[in-house]
file final11.pdb (PDB, C-alpha atoms and all ligand atoms)
ATOM      1  CA  MET B 266     184.094 139.992 136.934  1.00  0.00           C
ATOM      2  CA  ALA B 267     184.953 140.354 140.591  1.00  0.00           C
ATOM      3  CA  ASP B 268     181.913 138.623 142.026  1.00  0.00           C
ATOM      4  CA  ILE B 269     182.357 136.608 145.188  1.00  0.00           C
ATOM      5  CA  SER B 270     183.136 133.142 143.896  1.00  0.00           C
ATOM      6  CA  MET B 271     181.552 129.947 145.141  1.00  0.00           C
ATOM      7  CA  THR B 272     184.786 129.041 146.908  1.00  0.00           C
ATOM      8  CA  ASP B 273     184.372 131.984 149.304  1.00  0.00           C
ATOM      9  CA  ARG B 274     181.270 130.394 150.770  1.00  0.00           C
ATOM     10  CA  CYS B 275     181.184 127.074 152.565  1.00  0.00           C
ATOM     11  CA  ASP B 276     178.459 124.406 152.378  1.00  0.00           C
ATOM     12  CA  CYS B 277     177.414 125.405 155.901  1.00  0.00           C
ATOM     13  CA  GLY B 278     176.747 128.976 154.778  1.00  0.00           C
ATOM     14  CA  ALA B 279     179.827 130.537 156.409  1.00  0.00           C
ATOM     15  CA  THR B 280     182.132 132.840 154.495  1.00  0.00           C
ATOM     16  CA  ALA B 281     185.816 131.970 154.207  1.00  0.00           C
ATOM     17  CA  GLY B 282     188.268 133.276 156.796  1.00  0.00           C
ATOM     18  CA  PRO B 283     191.976 134.098 156.332  1.00  0.00           C
ATOM     19  CA  LEU B 284     192.866 130.369 156.333  1.00  0.00           C
ATOM     20  CA  GLY B 285     190.125 129.427 153.871  1.00  0.00           C
ATOM     21  CA  LEU B 286     186.900 127.483 154.302  1.00  0.00           C
ATOM     22  CA  CYS B 287     185.826 125.479 157.367  1.00  0.00           C
ATOM     23  CA  VAL B 288     187.578 122.391 156.037  1.00  0.00           C
ATOM     24  CA  ASP B 289     190.900 124.251 156.093  1.00  0.00           C
ATOM     25  CA  TYR B 290     190.326 125.264 159.728  1.00  0.00           C
ATOM     26  CA  TYR B 291     189.233 121.727 160.589  1.00  0.00           C
ATOM     27  CA  HIS B 292     192.362 120.187 159.109  1.00  0.00           C
ATOM     28  CA  GLY B 293     194.467 122.829 160.832  1.00  0.00           C
ATOM     29  CA  ILE B 294     192.937 121.927 164.208  1.00  0.00           C
ATOM     30  CA  LEU B 295     193.378 118.179 163.627  1.00  0.00           C
ATOM     31  CA  ALA B 296     197.035 118.755 162.780  1.00  0.00           C
ATOM     32  CA  GLU B 297     197.757 121.039 165.751  1.00  0.00           C
ATOM     33  CA  GLU B 298     195.992 118.887 168.345  1.00  0.00           C
ATOM     34  CA  GLN B 299     198.154 115.882 167.385  1.00  0.00           C
ATOM     35  CA  SER B 300     201.083 117.447 169.217  1.00  0.00           C
ATOM     36  CA  ASP B 301     199.060 119.063 172.009  1.00  0.00           C
ATOM     37  CA  PRO B 302     197.331 116.591 174.374  1.00  0.00           C
ATOM     38  CA  GLN B 303     195.555 119.409 176.215  1.00  0.00           C
ATOM     39  CA  MET B 304     194.042 120.694 172.965  1.00  0.00           C
ATOM     40  CA  PHE B 305     193.193 117.124 171.945  1.00  0.00           C
ATOM     41  CA  ARG B 306     190.680 116.941 174.832  1.00  0.00           C
ATOM     42  CA  TRP B 307     188.284 118.832 172.529  1.00  0.00           C
ATOM     43  CA  HIS B 308     188.814 116.401 169.638  1.00  0.00           C
ATOM     44  CA  ALA B 309     185.400 114.718 169.924  1.00  0.00           C
ATOM     45  CA  PRO B 310     183.337 117.937 170.061  1.00  0.00           C
ATOM     46  CA  VAL B 311     185.405 119.377 167.189  1.00  0.00           C
ATOM     47  CA  VAL B 312     184.701 116.343 164.990  1.00  0.00           C
ATOM     48  CA  VAL B 313     180.985 115.996 165.719  1.00  0.00           C
ATOM     49  CA  THR B 314     180.406 119.759 165.461  1.00  0.00           C
ATOM     50  CA  TYR B 315     182.204 119.888 162.132  1.00  0.00           C
ATOM     51  CA  LEU B 316     180.245 116.914 160.751  1.00  0.00           C
ATOM     52  CA  LEU B 317     176.897 118.305 161.907  1.00  0.00           C
ATOM     53  CA  GLN B 318     177.673 121.613 160.206  1.00  0.00           C
ATOM     54  CA  HIS B 319     178.780 119.758 157.040  1.00  0.00           C
ATOM     55  CA  PRO B 320     176.534 116.673 156.941  1.00  0.00           C
ATOM     56  CA  SER B 321     177.390 115.896 153.313  1.00  0.00           C
ATOM     57  CA  GLU B 322     180.873 114.944 154.609  1.00  0.00           C
ATOM     58  CA  ALA B 323     179.474 112.670 157.325  1.00  0.00           C
ATOM     59  CA  HIS B 324     178.235 109.096 157.431  1.00  0.00           C
ATOM     60  CA  GLU B 325     174.495 109.429 157.699  1.00  0.00           C
ATOM     61  CA  LYS B 326     174.089 106.410 159.951  1.00  0.00           C
ATOM     62  CA  TYR B 327     176.268 107.975 162.653  1.00  0.00           C
ATOM     63  CA  LEU B 328     174.863 111.512 162.527  1.00  0.00           C
ATOM     64  CA  ASP B 329     171.953 110.905 164.898  1.00  0.00           C
ATOM     65  CA  ASP B 330     174.322 109.522 167.510  1.00  0.00           C
ATOM     66  CA  GLN B 331     176.708 112.424 166.934  1.00  0.00           C
ATOM     67  CA  PHE B 332     173.884 114.943 167.346  1.00  0.00           C
ATOM     68  CA  ARG B 333     173.033 113.371 170.708  1.00  0.00           C
ATOM     69  CA  GLN B 334     176.706 113.429 171.752  1.00  0.00           C
ATOM     70  CA  LEU B 335     176.826 117.123 170.910  1.00  0.00           C
ATOM     71  CA  GLN B 336     173.714 117.832 172.968  1.00  0.00           C
ATOM     72  CA  LEU B 337     175.256 115.972 175.899  1.00  0.00           C
ATOM     73  CA  TYR B 338     178.422 118.063 175.548  1.00  0.00           C
ATOM     74  CA  VAL B 339     176.503 121.360 175.432  1.00  0.00           C
ATOM     75  CA  ASP B 340     174.291 120.222 178.319  1.00  0.00           C
ATOM     76  CA  GLN B 341     176.814 118.530 180.628  1.00  0.00           C
ATOM     77  CA  GLY B 342     180.249 119.666 179.480  1.00  0.00           C
ATOM     78  CA  LEU B 343     183.446 118.175 178.141  1.00  0.00           C
ATOM     79  CA  ASP B 344     184.173 115.816 181.039  1.00  0.00           C
ATOM     80  CA  ALA B 345     180.782 114.158 180.616  1.00  0.00           C
ATOM     81  CA  LEU B 346     181.420 113.598 176.924  1.00  0.00           C
ATOM     82  CA  LEU B 347     184.895 112.196 177.601  1.00  0.00           C
ATOM     83  CA  ARG B 348     183.470 109.857 180.266  1.00  0.00           C
ATOM     84  CA  LEU B 349     180.854 108.621 177.805  1.00  0.00           C
ATOM     85  CA  ALA B 350     183.520 107.907 175.173  1.00  0.00           C
ATOM     86  CA  ALA B 351     185.751 106.074 177.661  1.00  0.00           C
ATOM     87  CA  HIS B 352     182.794 104.114 178.968  1.00  0.00           C
ATOM     88  CA  SER B 353     181.681 103.133 175.460  1.00  0.00           C
ATOM     89  CA  VAL B 354     185.154 101.947 174.474  1.00  0.00           C
ATOM     90  CA  ALA B 355     185.555  99.915 177.667  1.00  0.00           C
ATOM     91  CA  ARG B 356     182.134  98.397 177.265  1.00  0.00           C
ATOM     92  CA  ASN B 357     182.695  97.538 173.616  1.00  0.00           C
ATOM     93  CA  ASN B 358     185.954  95.823 174.482  1.00  0.00           C
ATOM     94  CA  HIS B 359     184.398  93.938 177.307  1.00  0.00           C
ATOM     95  CA  ARG B 360     181.150  92.877 175.680  1.00  0.00           C
ATOM     96  CA  ALA B 361     181.553  93.288 171.956  1.00  0.00           C
ATOM     97  CA  ARG B 362     178.191  91.679 171.235  1.00  0.00           C
ATOM     98  CA  ARG B 363     176.282  94.306 173.197  1.00  0.00           C
ATOM     99  CA  GLY B 364     177.559  97.089 170.962  1.00  0.00           C
ATOM    100  CA  TYR B 365     177.515 100.775 171.697  1.00  0.00           C
ATOM    101  CA  ASP B 366     175.870 101.872 174.919  1.00  0.00           C
ATOM    102  CA  MET B 367     173.174 104.374 173.933  1.00  0.00           C
ATOM    103  CA  ALA B 368     171.679 104.720 177.417  1.00  0.00           C
ATOM    104  CA  PRO B 369     173.293 108.082 178.327  1.00  0.00           C
ATOM    105  CA  LEU B 370     172.310 109.488 174.919  1.00  0.00           C
ATOM    106  CA  ALA B 371     168.728 108.232 174.892  1.00  0.00           C
ATOM    107  CA  ALA B 372     167.483 111.280 176.803  1.00  0.00           C
ATOM    108  CA  TYR B 373     168.502 113.607 173.976  1.00  0.00           C
ATOM    109  CA  ALA B 374     166.530 114.527 170.873  1.00  0.00           C
ATOM    110  CA  PRO B 375     167.050 112.601 167.628  1.00  0.00           C
ATOM    111  CA  LEU B 376     168.448 114.387 164.592  1.00  0.00           C
ATOM    112  CA  PRO B 377     165.562 116.054 162.733  1.00  0.00           C
ATOM    113  CA  LYS B 378     165.113 115.320 159.039  1.00  0.00           C
ATOM    114  CA  GLY B 379     165.730 118.389 156.953  1.00  0.00           C
ATOM    115  CA  GLU B 380     168.235 121.164 156.469  1.00  0.00           C
ATOM    116  CA  PRO B 381     169.502 123.352 159.300  1.00  0.00           C
ATOM    117  CA  PRO B 382     169.049 127.081 158.580  1.00  0.00           C
ATOM    118  CA  GLY B 383     172.707 128.091 158.853  1.00  0.00           C
ATOM    119  CA  PHE B 384     174.816 128.559 161.987  1.00  0.00           C
ATOM    120  CA  SER B 385     175.597 131.637 164.050  1.00  0.00           C
ATOM    121  CA  ALA B 386     179.176 130.437 164.691  1.00  0.00           C
ATOM    122  CA  SER B 387     181.461 128.585 162.277  1.00  0.00           C
ATOM    123  CA  PHE B 388     184.908 127.030 162.060  1.00  0.00           C
ATOM    124  CA  SER B 389     186.028 129.579 159.484  1.00  0.00           C
ATOM    125  CA  GLY B 390     185.376 132.284 162.105  1.00  0.00           C
ATOM    126  CA  LEU B 391     187.917 130.865 164.583  1.00  0.00           C
ATOM    127  CA  PRO B 392     190.825 133.180 165.329  1.00  0.00           C
ATOM    128  CA  PHE B 393     194.283 131.865 164.423  1.00  0.00           C
ATOM    129  CA  LYS B 394     197.332 133.788 165.675  1.00  0.00           C
ATOM    130  CA  ASP B 395     201.051 133.081 165.804  1.00  0.00           C
ATOM    131  CA  GLY B 396     200.443 129.838 163.894  1.00  0.00           C
ATOM    132  CA  SER B 397     198.077 128.464 166.543  1.00  0.00           C
ATOM    133  CA  PHE B 398     194.418 128.010 167.472  1.00  0.00           C
ATOM    134  CA  VAL B 399     195.300 127.991 171.189  1.00  0.00           C
ATOM    135  CA  PHE B 400     197.337 131.215 171.161  1.00  0.00           C
ATOM    136  CA  ASP B 401     195.412 132.589 174.159  1.00  0.00           C
ATOM    137  CA  GLY B 402     195.196 129.373 176.168  1.00  0.00           C
ATOM    138  CA  HIS B 403     193.290 126.105 176.066  1.00  0.00           C
ATOM    139  CA  LEU B 404     190.278 127.245 178.061  1.00  0.00           C
ATOM    140  CA  ALA B 405     189.675 130.178 175.724  1.00  0.00           C
ATOM    141  CA  TYR B 406     189.992 127.788 172.783  1.00  0.00           C
ATOM    142  CA  GLY B 407     187.572 125.378 174.480  1.00  0.00           C
ATOM    143  CA  ASP B 408     185.069 128.203 174.991  1.00  0.00           C
ATOM    144  CA  ARG B 409     185.183 128.976 171.264  1.00  0.00           C
ATOM    145  CA  ILE B 410     184.605 125.311 170.369  1.00  0.00           C
ATOM    146  CA  LYS B 411     181.704 125.238 172.845  1.00  0.00           C
ATOM    147  CA  ALA B 412     180.173 128.316 171.207  1.00  0.00           C
ATOM    148  CA  ILE B 413     180.253 126.647 167.769  1.00  0.00           C
ATOM    149  CA  ALA B 414     178.796 123.469 169.291  1.00  0.00           C
ATOM    150  CA  GLU B 415     175.971 125.469 170.907  1.00  0.00           C
ATOM    151  CA  ALA B 416     175.214 127.248 167.630  1.00  0.00           C
ATOM    152  CA  THR B 417     175.110 123.864 165.894  1.00  0.00           C
ATOM    153  CA  VAL B 418     172.694 122.301 168.366  1.00  0.00           C
ATOM    154  CA  GLU B 419     170.531 125.435 168.316  1.00  0.00           C
ATOM    155  CA  SER B 420     170.264 125.463 164.534  1.00  0.00           C
ATOM    156  CA  TRP B 421     169.518 121.745 164.187  1.00  0.00           C
ATOM    157  CA  THR B 422     167.001 121.936 167.033  1.00  0.00           C
ATOM    158  CA  SER B 423     165.095 124.608 165.119  1.00  0.00           C
ATOM    159  CA  VAL B 424     164.511 122.241 162.172  1.00  0.00           C
ATOM    160  CA  GLN B 425     160.932 120.981 162.091  1.00  0.00           C
ATOM    161  CA  SER B 426     160.889 117.236 161.460  1.00  0.00           C
TER
HETATM  162 ZN    ZN W 501     181.529 125.393 156.704  1.00  0.00          ZN
END

call {"tool": "encode", "arguments": {"input": "final11.pdb", "output": "structure tokens"}}
result
Amino acid sequence: MADISMTDRCDCGATAGPLGLCVDYYHGILAEEQSDPQMFRWHAPVVVTYLLQHPSEAHEKYLDDQFRQLQLYVDQGLDALLRLAAHSVARNNHRARRGYDMAPLAAYAPLPKGEPPGFSASFSGLPFKDGSFVFDGHLAYGDRIKAIAEATVESWTSVQS
């Protein structure tokens, strides 16, 4: 039988692309960004977007925080997210007992309980040409990551708690 097998469809609802499922794209990005500092700027949004689209692969206790980080990124942009990360690291080093600084994230909605209804943009839909995800430049790549992040926030936001 030539039915579409389970392996052609990802947990997040996306169909496989030429490289495989989302996890194959995710690992491909993580590998490529290791040798490309400019591409690595999008590391945090890539990770939290991937985990929020595939929550069974995430640590549940961090997901709420990650959902807020993603909202901040969609709302305020990459520089704001990078500043938050740098600030949190510095603060944790300086005052370990105080823990993570949630103040900038407190304005954003908590992660709803429930299942998101699928996403309008997915990792397995990312174009990959000439052995690269940044074949047409870093800003174009960043725009594609932003679009997946926006689709992720939109879908989770539609879940009724
Ligand atoms: Zn997926």

call {"tool": "residues_near_ligand", "arguments": {"input": "final11.pdb", "ligand": "ligand ZN 501 (chain W)", "cutoff": "9 Å", "atoms": "all atoms listed in the file", "output": "ChimeraX atom specification"}}
result
/B:274-281,286-288,315,318-319,387-389

call {"tool": "residues_around", "arguments": {"input": "final11.pdb", "residues": "B:Leu337", "least_positions_apart": "3", "cutoff": "8 Å", "atoms": "only C-alpha atoms", "output": "MDAnalysis selection string"}}
result
chainID B and resid 333:334 340:342 345:346 370 373

call {"tool": "resolve_selection", "arguments": {"input": "final11.pdb", "expression": "the PyMOL selection byres (((chain B and resi 422) around 12) and not hetatm)", "output": "list of chain:residue names"}}
result
B:Leu317, B:Phe332, B:Arg333, B:Leu335, B:Gln336, B:Tyr373, B:Ala374, B:Pro375, B:Leu376, B:Pro377, B:Lys378, B:Gly379, B:Glu380, B:Pro381, B:Pro382, B:Gly383, B:Phe384, B:Glu415, B:Ala416, B:Thr417, B:Val418, B:Glu419, B:Ser420, B:Trp421, B:Ser423, B:Val424, B:Gln425, B:Ser426

call {"tool": "axis_aligned_box", "arguments": {"input": "final11.pdb", "around": "stretch 279-284 of chain B", "padding_each_side": "3 Å", "output": "AutoDock Vina command-line options"}}
result
--center_x 186.3 --center_y 132.2 --center_z 155.5 --size_x 19.0 --size_y 9.7 --size_z 8.6

call {"tool": "closest_residue", "arguments": {"input": "final11.pdb", "among": "B:Thr272, B:Gly285, B:Val313, B:Ser300", "to": "B:Phe393", "atoms": "all atoms listed in the file"}}
result
B:Gly285

call {"tool": "atom_distance", "arguments": {"input": "final11.pdb", "atom1": "atom CA of B:Phe305", "atom2": "atom CA of B:Ser397"}}
result
13.5 Å

call {"tool": "atom_distance", "arguments": {"input": "final11.pdb", "atom1": "atom CA of B:Phe400", "atom2": "atom CA of B:Met304"}}
result
11.2 Å

call {"tool": "closest_residue", "arguments": {"input": "final11.pdb", "among": "B:Arg306, B:Lys394, B:Arg409, B:His403", "to": "B:Leu347", "atoms": "all atoms listed in the file"}}
result
B:Arg306

call {"tool": "closest_residue", "arguments": {"input": "final11.pdb", "among": "B:Leu343, B:Ala296, B:Tyr291, B:Ala372", "to": "B:Asp330", "atoms": "only C-alpha atoms"}}
result
B:Ala372

call {"tool": "closest_residue", "arguments": {"input": "final11.pdb", "among": "B:Ala368, B:Leu391, B:Ala405, B:Ile410", "to": "B:Ala309", "atoms": "only C-alpha atoms"}}
result
B:Ile410

call {"tool": "atom_distance", "arguments": {"input": "final11.pdb", "atom1": "atom CA of B:Asp329", "atom2": "atom CA of B:Pro392"}}
result
29.2 Å

call {"tool": "residues_around", "arguments": {"input": "final11.pdb", "residues": "B:Val311", "least_positions_apart": "4", "cutoff": "9 Å", "atoms": "all atoms listed in the file", "output": "ChimeraX atom specification"}}
result
/B:291,294-295,307,315-316,410-411,413-414

call {"tool": "residues_around", "arguments": {"input": "final11.pdb", "residues": "B:Gly396", "least_positions_apart": "5", "cutoff": "12 Å", "atoms": "all atoms listed in the file", "output": "list in words"}}
result
Leu284, Tyr290, Gly293, Ile294, Ala296, Glu297 and Asp401 of chain B
